[in-house]
Amino acid sequence: MPKPGELTFVAPRGAKKPPRHLADLTPAERKEAVAAIGEKPFRAKQLSQHYFARYAHEPEQWTDIPAGSRARLQEALLPELMTVVRHLSTDQGTTRKTLWRLFDGTLVESVLMRYPDRVTMCISSQAGCGMNCPFCATGQAGLDRNLSTAEIVHQIVDGMRALRDGEVPGGTSQAGGSGGGPARLSNIVFMGMGEPLANYNRVVGAIRRLTDPEPDGLGLSQRGITVSTVGLVPAIHRFADEGFKCRLAISLHAPDDELRDTLVPVNTRWKVREVLDAGFEYAAKSGRRLSIEYALIRDINDQAWRGDRLGRLLKGKPVHVNLIPLNPTPGSKWTASRPEDEKAFVEAIAAHGVPVTIRDTRGQEIDGACGQLAASER
Ligand code: SAH
């Protein structure tokens with residue numbers, strides 16, 4: 001039975017599950033899995049060290065494990081999960097999108113963005129998405145399937161390896177900037193394909209793997225992780241009880257139910273008021289400011305009165321509004337706001353003392369910017 005807050009999707013008949021992988025398992029489960037194939041339980045820790053601390057998933061690299069055991073351990077715990085179909089780079093190579101093919105041919109994407117002072121990765125939690133937001137490229141294609149915890153985590157592991165190996169050039173090396181050479185990952189945003197809270201257990205498992213100390217996990221900071229949701233209210237409540245220090249972002253896109261019902265169809269189930277209240281509860285429990293995402297769509301949701309209404313809803317709350325200029329998806333009749341309307345919208349929000357910024361839209365040329373992720377090979 002699904003727990004409250006978990007939306008379930010019926011997998012197509014005959015669909016196979018992704019292979020079990022080290023990153024799907026807790027440290028205790030890894031020990032059991034190793035013992036189950038007749039290997040010494042401490043091999044689990046060695047494998048974790050190789051995978052989470054050295055990003056070394058090739059058996060030839062495991063010199064502390066007898067050659068005769070490596071293939072068996074690989075098969076049981078480190079099967080190949082995904083292969084790179086291609087990388088696409090822009091912004092002098094500092095933005096790189098990766099198209100992945102999963103074990104069953106499913107395609108997903110992740111994006112790495114290197115700035116002088118930080119590196120952000122945008123990752124997918126599902127192949128496709130079932131939320132059906134009309135302005136979002138992923139939403140148009142529907143949901144293929146949930147990603148496994150390991151399929152989510154591996155996008156990050158590979159990005160960290162690429163950064164360590166100097167595959168992603170630095171931005172301009174201004175004072176304090178990182179310049180070229182190796183870099184470390186600082187931020188992760190669940191803003192690629194999929195609705196993370198509709199794949200709840202696997203996403204929570206991924207957050208644990210990402211943030212558990214090495215070698216149990218990658219040792220990243222929870223504070224650097226942002227989970228972005230359309231607003232699945234029961235799942236937000238449940239997420240608030242996990243005790244994470246992650247940031248939550250709510251894709252609001254309209255302050256009024258009438259418009260939001262059309263832009264974010266799940267609003268017909270959970271209204272603006274309920275979604276915001278759940279978000280404020282999360283902010284209170286996590287101690288983190290709530291992010292409000294708002295894609296500015298010309299003449300649809302960008303009127304100054306809507307900015308004012310949004311400001312009223314958020315006034316005095318621990319929030320930050322992130323305005324995203326709409327990235328038009330192929331065939332869409334919608335486009336980004338005029339500069340003067342954008343300015344008036346910002347001012348209408350700011351007039352209520354609510355912090356508001358406009359998101360930069362890196363990666364547009366490679367279809368790597370917000371909402372553009374859609375595997376064109378399909
Ligand atoms: N399903 C989650 C996370 C994925 S999308 C969510 O909806 O929050 C990440 C952000 O990009 C969301 O705020 C989403 O509404 C926004 N987005 C989607 N398509 C967009 C587009 N074409 N232009 C600008 N932002 C878009």
# chains A, B, ... in the order shown; residues from 1 in each chain; ligands from 1

call {"tool": "residues_around", "arguments": {"residues": "stretch 77-82 of chain A", "least_positions_apart": "4", "cutoff": "6 Å", "atoms": "only C-alpha atoms", "output": "MDAnalysis selection string"}}
result
chainID A and resid 21:22 73 101:103

call {"tool": "residues_near_ligand", "arguments": {"ligand": "ligand 1", "cutoff": "7 Å", "atoms": "only C-alpha atoms and all ligand atoms", "output": "VMD selection string"}}
result
chain A and resid 135 to 137 190 to 196 228 to 230 249 to 251 293 to 295 324 to 329 370 to 372

call {"tool": "write_last_selection", "arguments": {"atoms": "N, CA and C atoms", "output": "compact mmCIF listing (two decimals), in the first residue's frame"}}
result
# COMPACT_ATOMS: atom_id res chain seq x y z
N PHE A 135 3.71 24.43 -19.84
CA PHE A 135 4.84 25.22 -20.34
C PHE A 135 6.16 24.46 -20.25
N CYS A 136 6.12 23.23 -19.71
CA CYS A 136 7.35 22.49 -19.43
C CYS A 136 7.55 21.37 -20.46
N ALA A 137 8.75 21.33 -21.04
CA ALA A 137 9.03 20.35 -22.10
C ALA A 137 8.89 18.91 -21.58
N PHE A 190 17.16 19.39 -7.52
CA PHE A 190 16.27 18.41 -8.16
C PHE A 190 15.32 19.18 -9.06
N MET A 191 15.90 19.72 -10.14
CA MET A 191 15.12 20.53 -11.07
C MET A 191 15.28 20.04 -12.50
N GLY A 192 15.78 18.82 -12.64
CA GLY A 192 15.85 18.22 -13.96
C GLY A 192 14.50 17.59 -14.28
N MET A 193 14.53 16.45 -14.94
CA MET A 193 13.26 15.82 -15.30
C MET A 193 12.60 15.21 -14.07
N GLY A 194 11.29 15.33 -14.03
CA GLY A 194 10.54 14.60 -13.01
C GLY A 194 10.08 15.43 -11.83
N GLU A 195 9.14 14.87 -11.09
CA GLU A 195 8.62 15.47 -9.87
C GLU A 195 9.20 14.66 -8.71
N PRO A 196 10.20 15.23 -8.01
CA PRO A 196 10.90 14.43 -7.00
C PRO A 196 9.98 13.84 -5.92
N SER A 228 12.78 20.59 -5.60
CA SER A 228 11.76 21.45 -6.20
C SER A 228 10.51 20.64 -6.50
N THR A 229 9.36 21.16 -6.09
CA THR A 229 8.11 20.40 -6.26
C THR A 229 6.98 21.25 -6.81
N VAL A 230 6.07 20.60 -7.52
CA VAL A 230 4.85 21.26 -7.98
C VAL A 230 3.92 21.55 -6.80
N ALA A 249 11.84 24.06 -2.73
CA ALA A 249 11.36 25.07 -3.68
C ALA A 249 9.97 24.64 -4.15
N ILE A 250 9.05 25.58 -4.17
CA ILE A 250 7.71 25.29 -4.67
C ILE A 250 7.49 26.03 -5.98
N SER A 251 7.09 25.27 -7.00
CA SER A 251 6.84 25.86 -8.31
C SER A 251 5.43 26.44 -8.29
N GLU A 293 9.28 29.36 -6.82
CA GLU A 293 9.66 29.46 -8.22
C GLU A 293 8.48 30.02 -9.00
N TYR A 294 8.80 30.95 -9.89
CA TYR A 294 7.73 31.60 -10.66
C TYR A 294 8.27 31.89 -12.05
N ALA A 295 7.84 31.11 -13.03
CA ALA A 295 8.25 31.32 -14.42
C ALA A 295 7.41 32.45 -15.00
N ILE A 324 11.82 33.06 -12.97
CA ILE A 324 12.51 32.40 -14.07
C ILE A 324 11.92 32.91 -15.38
N PRO A 325 12.72 33.61 -16.21
CA PRO A 325 12.17 33.99 -17.52
C PRO A 325 11.79 32.71 -18.25
N LEU A 326 10.58 32.63 -18.76
CA LEU A 326 10.13 31.40 -19.42
C LEU A 326 11.08 31.03 -20.56
N ASN A 327 11.47 29.79 -20.61
CA ASN A 327 12.17 29.26 -21.78
C ASN A 327 11.12 28.64 -22.66
N PRO A 328 10.83 29.25 -23.78
CA PRO A 328 9.75 28.70 -24.61
C PRO A 328 10.12 27.29 -25.07
N THR A 329 9.19 26.37 -24.98
CA THR A 329 9.44 25.01 -25.45
C THR A 329 8.97 24.94 -26.91
N CYS A 370 16.07 25.65 -17.59
CA CYS A 370 14.87 25.21 -16.87
C CYS A 370 13.76 24.77 -17.80
N GLY A 371 13.28 23.59 -17.58
CA GLY A 371 12.08 23.15 -18.28
C GLY A 371 12.31 22.71 -19.71
N GLN A 372 13.56 22.81 -20.17
CA GLN A 372 13.78 22.43 -21.56
C GLN A 372 14.22 20.99 -21.69

call {"tool": "residues_around", "arguments": {"residues": "A:Arg260", "least_positions_apart": "4", "cutoff": "12 Å", "atoms": "only C-alpha atoms", "output": "tab-separated table (two decimals) with N, CA and C atoms, in the first residue's frame"}}
result
chain	number	residue	atom	x	y	z
A	133	CYS	N	2.50	20.03	-16.60
A	133	CYS	CA	2.49	21.50	-16.66
A	133	CYS	C	2.68	21.91	-18.13
A	134	PRO	N	1.79	22.73	-18.67
A	134	PRO	CA	1.76	22.95	-20.13
A	134	PRO	C	2.96	23.71	-20.69
A	230	VAL	N	6.07	20.60	-7.52
A	230	VAL	CA	4.85	21.26	-7.98
A	230	VAL	C	3.92	21.55	-6.80
A	231	GLY	N	4.16	20.87	-5.66
A	231	GLY	CA	3.32	21.12	-4.48
A	231	GLY	C	2.43	19.95	-4.12
A	251	SER	N	7.09	25.27	-7.00
A	251	SER	CA	6.84	25.86	-8.31
A	251	SER	C	5.43	26.44	-8.29
A	252	LEU	N	5.34	27.72	-7.96
A	252	LEU	CA	4.02	28.32	-7.77
A	252	LEU	C	3.44	28.82	-9.10
A	253	HIS	N	4.14	29.71	-9.74
A	253	HIS	CA	3.80	30.21	-11.09
A	253	HIS	C	2.51	31.01	-11.20
A	254	ALA	N	1.72	31.05	-10.14
A	254	ALA	CA	0.54	31.93	-10.10
A	254	ALA	C	0.11	32.06	-8.65
A	255	PRO	N	-0.37	33.26	-8.25
A	255	PRO	CA	-0.80	33.43	-6.86
A	255	PRO	C	-2.27	33.07	-6.67
A	256	ASP	N	-2.98	32.86	-7.76
A	256	ASP	CA	-4.43	32.62	-7.68
A	256	ASP	C	-4.75	31.23	-8.25
A	264	VAL	N	-0.28	24.69	-13.40
A	264	VAL	CA	0.25	23.56	-12.62
A	264	VAL	C	-0.96	22.69	-12.26
A	265	PRO	N	-1.33	21.77	-13.15
A	265	PRO	CA	-2.62	21.09	-13.02
A	265	PRO	C	-2.86	20.40	-11.67
A	266	VAL	N	-1.80	20.05	-10.95
A	266	VAL	CA	-2.00	19.41	-9.65
A	266	VAL	C	-2.67	20.37	-8.66
A	267	ASN	N	-2.72	21.66	-9.03
A	267	ASN	CA	-3.39	22.65	-8.19
A	267	ASN	C	-4.88	22.37	-8.04
A	268	THR	N	-5.44	21.62	-8.98
A	268	THR	CA	-6.87	21.30	-8.84
A	268	THR	C	-7.08	20.40	-7.62
A	269	ARG	N	-6.01	19.74	-7.16
A	269	ARG	CA	-6.09	18.88	-5.99
A	269	ARG	C	-5.65	19.60	-4.72
A	270	TRP	N	-4.53	20.32	-4.79
A	270	TRP	CA	-4.04	21.06	-3.63
A	270	TRP	C	-3.87	22.51	-4.02
A	271	LYS	N	-4.59	23.38	-3.35
A	271	LYS	CA	-4.68	24.78	-3.71
A	271	LYS	C	-3.48	25.61	-3.24
A	272	VAL	N	-3.38	26.81	-3.78
A	272	VAL	CA	-2.27	27.73	-3.46
A	272	VAL	C	-2.09	27.86	-1.95
A	273	ARG	N	-3.19	28.12	-1.26
A	273	ARG	CA	-3.13	28.33	0.19
A	273	ARG	C	-2.53	27.11	0.92
A	275	VAL	N	-0.71	24.68	-0.37
A	275	VAL	CA	0.68	24.43	-0.79
A	275	VAL	C	1.62	25.36	-0.03
A	294	TYR	N	8.80	30.95	-9.89
A	294	TYR	CA	7.73	31.60	-10.66
A	294	TYR	C	8.27	31.89	-12.05
A	295	ALA	N	7.84	31.11	-13.03
A	295	ALA	CA	8.25	31.32	-14.42
A	295	ALA	C	7.41	32.45	-15.00
A	300	ILE	N	0.52	36.17	-19.44
A	300	ILE	CA	-0.24	35.08	-18.82
A	300	ILE	C	-0.24	35.24	-17.30
A	301	ASN	N	0.96	35.31	-16.71
A	301	ASN	CA	1.01	35.39	-15.24
A	301	ASN	C	1.88	36.55	-14.77
A	306	ARG	N	-0.69	40.63	-10.19
A	306	ARG	CA	-0.38	39.28	-9.69
A	306	ARG	C	0.90	39.31	-8.83

call {"tool": "closest_residue", "arguments": {"among": "A:Leu88, A:Pro182, A:Glu39, A:Gly307", "to": "A:Gly68", "atoms": "only C-alpha atoms"}}
result
A:Glu39

call {"tool": "select_by_dssp", "arguments": {"residues": "stretch 154-353 of chain A", "states": "alpha helix (DSSP H)", "output": "MDAnalysis selection string"}}
result
chainID A and resid 154:164 200:211 233:240 257:263 272:286 304:314 339:350

call {"tool": "residues_around", "arguments": {"residues": "A:Gln46", "least_positions_apart": "6", "cutoff": "9 Å", "atoms": "only C-alpha atoms", "output": "mmCIF file with all heavy atoms, in the first residue's frame"}}
result
data_model
loop_
_atom_site.group_PDB
_atom_site.id
_atom_site.type_symbol
_atom_site.label_atom_id
_atom_site.label_comp_id
_atom_site.auth_asym_id
_atom_site.auth_seq_id
_atom_site.Cartn_x
_atom_site.Cartn_y
_atom_site.Cartn_z
ATOM 1 N N TRP A 62 40.107 -1.623 -8.241
ATOM 2 C CA TRP A 62 39.948 -2.071 -6.852
ATOM 3 C C TRP A 62 41.128 -2.931 -6.424
ATOM 4 O O TRP A 62 40.974 -4.143 -6.191
ATOM 5 C CB TRP A 62 38.658 -2.860 -6.684
ATOM 6 C CG TRP A 62 37.434 -2.162 -7.218
ATOM 7 C CD1 TRP A 62 37.269 -0.833 -7.453
ATOM 8 C CD2 TRP A 62 36.193 -2.782 -7.576
ATOM 9 N NE1 TRP A 62 36.021 -0.577 -7.942
ATOM 10 C CE2 TRP A 62 35.331 -1.759 -8.036
ATOM 11 C CE3 TRP A 62 35.728 -4.101 -7.564
ATOM 12 C CZ2 TRP A 62 34.029 -2.024 -8.457
ATOM 13 C CZ3 TRP A 62 34.431 -4.351 -7.991
ATOM 14 C CH2 TRP A 62 33.597 -3.310 -8.429
ATOM 15 N N ASP A 64 42.689 -3.306 -3.760
ATOM 16 C CA ASP A 64 42.680 -3.900 -2.411
ATOM 17 C C ASP A 64 41.716 -5.091 -2.319
ATOM 18 O O ASP A 64 41.520 -5.642 -1.240
ATOM 19 C CB ASP A 64 42.320 -2.837 -1.355
ATOM 20 C CG ASP A 64 40.997 -2.126 -1.662
ATOM 21 O OD1 ASP A 64 40.439 -2.340 -2.773
ATOM 22 O OD2 ASP A 64 40.517 -1.384 -0.800
ATOM 23 N N ILE A 65 41.121 -5.457 -3.437
ATOM 24 C CA ILE A 65 40.194 -6.603 -3.451
ATOM 25 C C ILE A 65 40.788 -7.669 -4.364
ATOM 26 O O ILE A 65 41.240 -7.351 -5.468
ATOM 27 C CB ILE A 65 38.801 -6.154 -3.960
ATOM 28 C CG1 ILE A 65 38.200 -5.115 -2.982
ATOM 29 C CG2 ILE A 65 37.864 -7.356 -4.116
ATOM 30 C CD1 ILE A 65 36.865 -4.546 -3.402
ATOM 31 N N PRO A 215 32.822 6.824 3.916
ATOM 32 C CA PRO A 215 32.513 6.288 2.596
ATOM 33 C C PRO A 215 31.089 5.739 2.478
ATOM 34 O O PRO A 215 30.770 5.125 1.458
ATOM 35 C CB PRO A 215 33.519 5.153 2.468
ATOM 36 C CG PRO A 215 33.611 4.606 3.863
ATOM 37 C CD PRO A 215 33.427 5.781 4.791
#

call {"tool": "atom_distance", "arguments": {"atom1": "atom CA of A:Asp308", "atom2": "atom CA of A:Phe239"}}
result
29.7 Å

call {"tool": "closest_residue", "arguments": {"among": "A:Val84, A:Ile37, A:Ala162, A:Leu185", "to": "A:Ala56", "atoms": "only C-alpha atoms"}}
result
A:Ala162

call {"tool": "select_by_dssp", "arguments": {"residues": "stretch 121-195 of chain A", "states": "strand (DSSP E or B)", "output": "MDAnalysis selection string"}}
result
chainID A and resid 121:122 126:128 143:146 187:190

call {"tool": "write_last_selection", "arguments": {"atoms": "N, CA, C and O atoms", "output": "PDB file, in the first residue's frame"}}
result
ATOM      1  N   MET A 121      24.742  21.194  -9.782  1.00  0.00           N
ATOM      2  CA  MET A 121      24.244  20.163 -10.689  1.00  0.00           C
ATOM      3  C   MET A 121      22.742  20.072 -10.597  1.00  0.00           C
ATOM      4  O   MET A 121      22.173  20.074  -9.499  1.00  0.00           O
ATOM      5  N   CYS A 122      22.122  19.992 -11.752  1.00  0.00           N
ATOM      6  CA  CYS A 122      20.668  19.860 -11.849  1.00  0.00           C
ATOM      7  C   CYS A 122      20.396  18.424 -12.294  1.00  0.00           C
ATOM      8  O   CYS A 122      20.869  18.009 -13.350  1.00  0.00           O
ATOM      9  N   GLN A 126      12.978  11.446 -12.210  1.00  0.00           N
ATOM     10  CA  GLN A 126      12.125  10.525 -12.956  1.00  0.00           C
ATOM     11  C   GLN A 126      12.502  10.637 -14.426  1.00  0.00           C
ATOM     12  O   GLN A 126      13.033  11.666 -14.858  1.00  0.00           O
ATOM     13  N   ALA A 127      12.207   9.601 -15.197  1.00  0.00           N
ATOM     14  CA  ALA A 127      12.302   9.703 -16.647  1.00  0.00           C
ATOM     15  C   ALA A 127      10.950  10.215 -17.102  1.00  0.00           C
ATOM     16  O   ALA A 127       9.931   9.543 -16.920  1.00  0.00           O
ATOM     17  N   GLY A 128      10.931  11.435 -17.635  1.00  0.00           N
ATOM     18  CA  GLY A 128       9.673  12.086 -17.944  1.00  0.00           C
ATOM     19  C   GLY A 128       9.042  12.634 -16.680  1.00  0.00           C
ATOM     20  O   GLY A 128       9.699  12.717 -15.632  1.00  0.00           O
ATOM     21  N   LEU A 143       5.105  10.608 -18.193  1.00  0.00           N
ATOM     22  CA  LEU A 143       6.056   9.875 -17.340  1.00  0.00           C
ATOM     23  C   LEU A 143       6.441   8.539 -17.963  1.00  0.00           C
ATOM     24  O   LEU A 143       5.570   7.778 -18.371  1.00  0.00           O
ATOM     25  N   ASP A 144       7.748   8.282 -18.058  1.00  0.00           N
ATOM     26  CA  ASP A 144       8.212   6.936 -18.434  1.00  0.00           C
ATOM     27  C   ASP A 144       8.262   6.052 -17.195  1.00  0.00           C
ATOM     28  O   ASP A 144       7.591   5.047 -17.114  1.00  0.00           O
ATOM     29  N   ARG A 145       9.103   6.448 -16.241  1.00  0.00           N
ATOM     30  CA  ARG A 145       9.179   5.672 -15.005  1.00  0.00           C
ATOM     31  C   ARG A 145       9.955   6.453 -13.944  1.00  0.00           C
ATOM     32  O   ARG A 145      10.659   7.423 -14.242  1.00  0.00           O
ATOM     33  N   ASN A 146       9.858   5.964 -12.725  1.00  0.00           N
ATOM     34  CA  ASN A 146      10.672   6.489 -11.641  1.00  0.00           C
ATOM     35  C   ASN A 146      12.109   6.052 -11.823  1.00  0.00           C
ATOM     36  O   ASN A 146      12.373   4.947 -12.297  1.00  0.00           O
ATOM     37  N   ASN A 187      26.407  22.619  -5.010  1.00  0.00           N
ATOM     38  CA  ASN A 187      24.939  22.618  -4.939  1.00  0.00           C
ATOM     39  C   ASN A 187      24.326  21.567  -5.849  1.00  0.00           C
ATOM     40  O   ASN A 187      24.824  21.317  -6.938  1.00  0.00           O
ATOM     41  N   ILE A 188      23.216  21.007  -5.356  1.00  0.00           N
ATOM     42  CA  ILE A 188      22.452  20.046  -6.158  1.00  0.00           C
ATOM     43  C   ILE A 188      21.008  20.519  -6.179  1.00  0.00           C
ATOM     44  O   ILE A 188      20.441  20.828  -5.127  1.00  0.00           O
ATOM     45  N   VAL A 189      20.429  20.594  -7.352  1.00  0.00           N
ATOM     46  CA  VAL A 189      19.017  20.949  -7.441  1.00  0.00           C
ATOM     47  C   VAL A 189      18.248  19.831  -8.146  1.00  0.00           C
ATOM     48  O   VAL A 189      18.653  19.369  -9.203  1.00  0.00           O
ATOM     49  N   PHE A 190      17.161  19.393  -7.521  1.00  0.00           N
ATOM     50  CA  PHE A 190      16.274  18.406  -8.155  1.00  0.00           C
ATOM     51  C   PHE A 190      15.324  19.184  -9.064  1.00  0.00           C
ATOM     52  O   PHE A 190      14.134  19.326  -8.784  1.00  0.00           O
TER      53      PHE A 190
END

call {"tool": "closest_residue", "arguments": {"among": "A:Gln364, A:Gly331, A:Gly219, A:Ala348", "to": "A:Gln140", "atoms": "only C-alpha atoms"}}
result
A:Gly331

call {"tool": "decode", "arguments": {"residues": "stretch 152-162 of chain A", "atoms": "all heavy atoms", "output": "PDB file, in the first residue's frame"}}
result
ATOM      1  N   ILE A 152      19.594   8.027  -9.569  1.00  0.00           N
ATOM      2  CA  ILE A 152      19.644   9.450  -9.203  1.00  0.00           C
ATOM      3  C   ILE A 152      21.056   9.804  -8.721  1.00  0.00           C
ATOM      4  O   ILE A 152      21.675  10.756  -9.183  1.00  0.00           O
ATOM      5  CB  ILE A 152      18.598   9.778  -8.107  1.00  0.00           C
ATOM      6  CG1 ILE A 152      17.183   9.491  -8.619  1.00  0.00           C
ATOM      7  CG2 ILE A 152      18.731  11.214  -7.652  1.00  0.00           C
ATOM      8  CD1 ILE A 152      16.095   9.537  -7.548  1.00  0.00           C
ATOM      9  N   VAL A 153      21.563   8.978  -7.792  1.00  0.00           N
ATOM     10  CA  VAL A 153      22.871   9.264  -7.185  1.00  0.00           C
ATOM     11  C   VAL A 153      23.987   9.236  -8.232  1.00  0.00           C
ATOM     12  O   VAL A 153      24.902  10.058  -8.192  1.00  0.00           O
ATOM     13  CB  VAL A 153      23.156   8.244  -6.054  1.00  0.00           C
ATOM     14  CG1 VAL A 153      24.584   8.369  -5.544  1.00  0.00           C
ATOM     15  CG2 VAL A 153      22.154   8.426  -4.915  1.00  0.00           C
ATOM     16  N   HIS A 154      23.892   8.313  -9.169  1.00  0.00           N
ATOM     17  CA  HIS A 154      25.013   8.163 -10.108  1.00  0.00           C
ATOM     18  C   HIS A 154      25.219   9.400 -10.988  1.00  0.00           C
ATOM     19  O   HIS A 154      26.344   9.697 -11.398  1.00  0.00           O
ATOM     20  CB  HIS A 154      24.860   6.909 -10.978  1.00  0.00           C
ATOM     21  CG  HIS A 154      26.118   6.574 -11.713  1.00  0.00           C
ATOM     22  ND1 HIS A 154      27.219   6.032 -11.077  1.00  0.00           N
ATOM     23  CD2 HIS A 154      26.488   6.768 -13.003  1.00  0.00           C
ATOM     24  CE1 HIS A 154      28.201   5.885 -11.955  1.00  0.00           C
ATOM     25  NE2 HIS A 154      27.785   6.329 -13.136  1.00  0.00           N
ATOM     26  N   GLN A 155      24.142  10.147 -11.258  1.00  0.00           N
ATOM     27  CA  GLN A 155      24.307  11.397 -12.019  1.00  0.00           C
ATOM     28  C   GLN A 155      25.294  12.319 -11.296  1.00  0.00           C
ATOM     29  O   GLN A 155      26.142  12.968 -11.911  1.00  0.00           O
ATOM     30  CB  GLN A 155      22.956  12.112 -12.174  1.00  0.00           C
ATOM     31  CG  GLN A 155      21.901  11.316 -12.926  1.00  0.00           C
ATOM     32  CD  GLN A 155      20.516  11.956 -12.794  1.00  0.00           C
ATOM     33  OE1 GLN A 155      20.316  13.126 -13.102  1.00  0.00           O
ATOM     34  NE2 GLN A 155      19.539  11.187 -12.329  1.00  0.00           N
ATOM     35  N   ILE A 156      25.169  12.348  -9.963  1.00  0.00           N
ATOM     36  CA  ILE A 156      26.047  13.196  -9.147  1.00  0.00           C
ATOM     37  C   ILE A 156      27.455  12.613  -9.074  1.00  0.00           C
ATOM     38  O   ILE A 156      28.448  13.335  -9.190  1.00  0.00           O
ATOM     39  CB  ILE A 156      25.473  13.320  -7.713  1.00  0.00           C
ATOM     40  CG1 ILE A 156      24.100  13.985  -7.740  1.00  0.00           C
ATOM     41  CG2 ILE A 156      26.432  14.072  -6.803  1.00  0.00           C
ATOM     42  CD1 ILE A 156      24.113  15.418  -8.143  1.00  0.00           C
ATOM     43  N   VAL A 157      27.539  11.311  -8.841  1.00  0.00           N
ATOM     44  CA  VAL A 157      28.864  10.677  -8.727  1.00  0.00           C
ATOM     45  C   VAL A 157      29.665  10.951 -10.002  1.00  0.00           C
ATOM     46  O   VAL A 157      30.842  11.320  -9.946  1.00  0.00           O
ATOM     47  CB  VAL A 157      28.731   9.160  -8.477  1.00  0.00           C
ATOM     48  CG1 VAL A 157      30.083   8.456  -8.584  1.00  0.00           C
ATOM     49  CG2 VAL A 157      28.124   8.923  -7.095  1.00  0.00           C
ATOM     50  N   ASP A 158      29.033  10.820 -11.135  1.00  0.00           N
ATOM     51  CA  ASP A 158      29.755  11.050 -12.377  1.00  0.00           C
ATOM     52  C   ASP A 158      30.141  12.521 -12.533  1.00  0.00           C
ATOM     53  O   ASP A 158      31.234  12.831 -13.019  1.00  0.00           O
ATOM     54  CB  ASP A 158      28.933  10.595 -13.584  1.00  0.00           C
ATOM     55  CG  ASP A 158      29.770  10.673 -14.839  1.00  0.00           C
ATOM     56  OD1 ASP A 158      30.695   9.859 -14.978  1.00  0.00           O
ATOM     57  OD2 ASP A 158      29.545  11.592 -15.658  1.00  0.00           O
ATOM     58  N   GLY A 159      29.265  13.424 -12.098  1.00  0.00           N
ATOM     59  CA  GLY A 159      29.598  14.848 -12.157  1.00  0.00           C
ATOM     60  C   GLY A 159      30.778  15.176 -11.253  1.00  0.00           C
ATOM     61  O   GLY A 159      31.676  15.941 -11.636  1.00  0.00           O
ATOM     62  N   MET A 160      30.816  14.577 -10.059  1.00  0.00           N
ATOM     63  CA  MET A 160      31.924  14.841  -9.131  1.00  0.00           C
ATOM     64  C   MET A 160      33.229  14.296  -9.692  1.00  0.00           C
ATOM     65  O   MET A 160      34.291  14.914  -9.554  1.00  0.00           O
ATOM     66  CB  MET A 160      31.615  14.237  -7.762  1.00  0.00           C
ATOM     67  CG  MET A 160      30.456  14.947  -7.078  1.00  0.00           C
ATOM     68  SD  MET A 160      29.966  14.202  -5.519  1.00  0.00           S
ATOM     69  CE  MET A 160      31.238  14.810  -4.420  1.00  0.00           C
ATOM     70  N   ARG A 161      33.124  13.142 -10.336  1.00  0.00           N
ATOM     71  CA  ARG A 161      34.322  12.569 -10.953  1.00  0.00           C
ATOM     72  C   ARG A 161      34.819  13.482 -12.082  1.00  0.00           C
ATOM     73  O   ARG A 161      36.003  13.779 -12.189  1.00  0.00           O
ATOM     74  CB  ARG A 161      34.001  11.175 -11.488  1.00  0.00           C
ATOM     75  CG  ARG A 161      35.201  10.438 -12.062  1.00  0.00           C
ATOM     76  CD  ARG A 161      34.793   9.390 -13.081  1.00  0.00           C
ATOM     77  NE  ARG A 161      33.917   9.923 -14.129  1.00  0.00           N
ATOM     78  CZ  ARG A 161      34.313  10.744 -15.100  1.00  0.00           C
ATOM     79  NH1 ARG A 161      35.575  11.127 -15.192  1.00  0.00           N
ATOM     80  NH2 ARG A 161      33.443  11.201 -15.988  1.00  0.00           N
ATOM     81  N   ALA A 162      33.895  13.975 -12.901  1.00  0.00           N
ATOM     82  CA  ALA A 162      34.281  14.852 -14.014  1.00  0.00           C
ATOM     83  C   ALA A 162      34.938  16.135 -13.497  1.00  0.00           C
ATOM     84  O   ALA A 162      35.927  16.606 -14.058  1.00  0.00           O
ATOM     85  CB  ALA A 162      33.056  15.180 -14.869  1.00  0.00           C
TER      86      ALA A 162
END
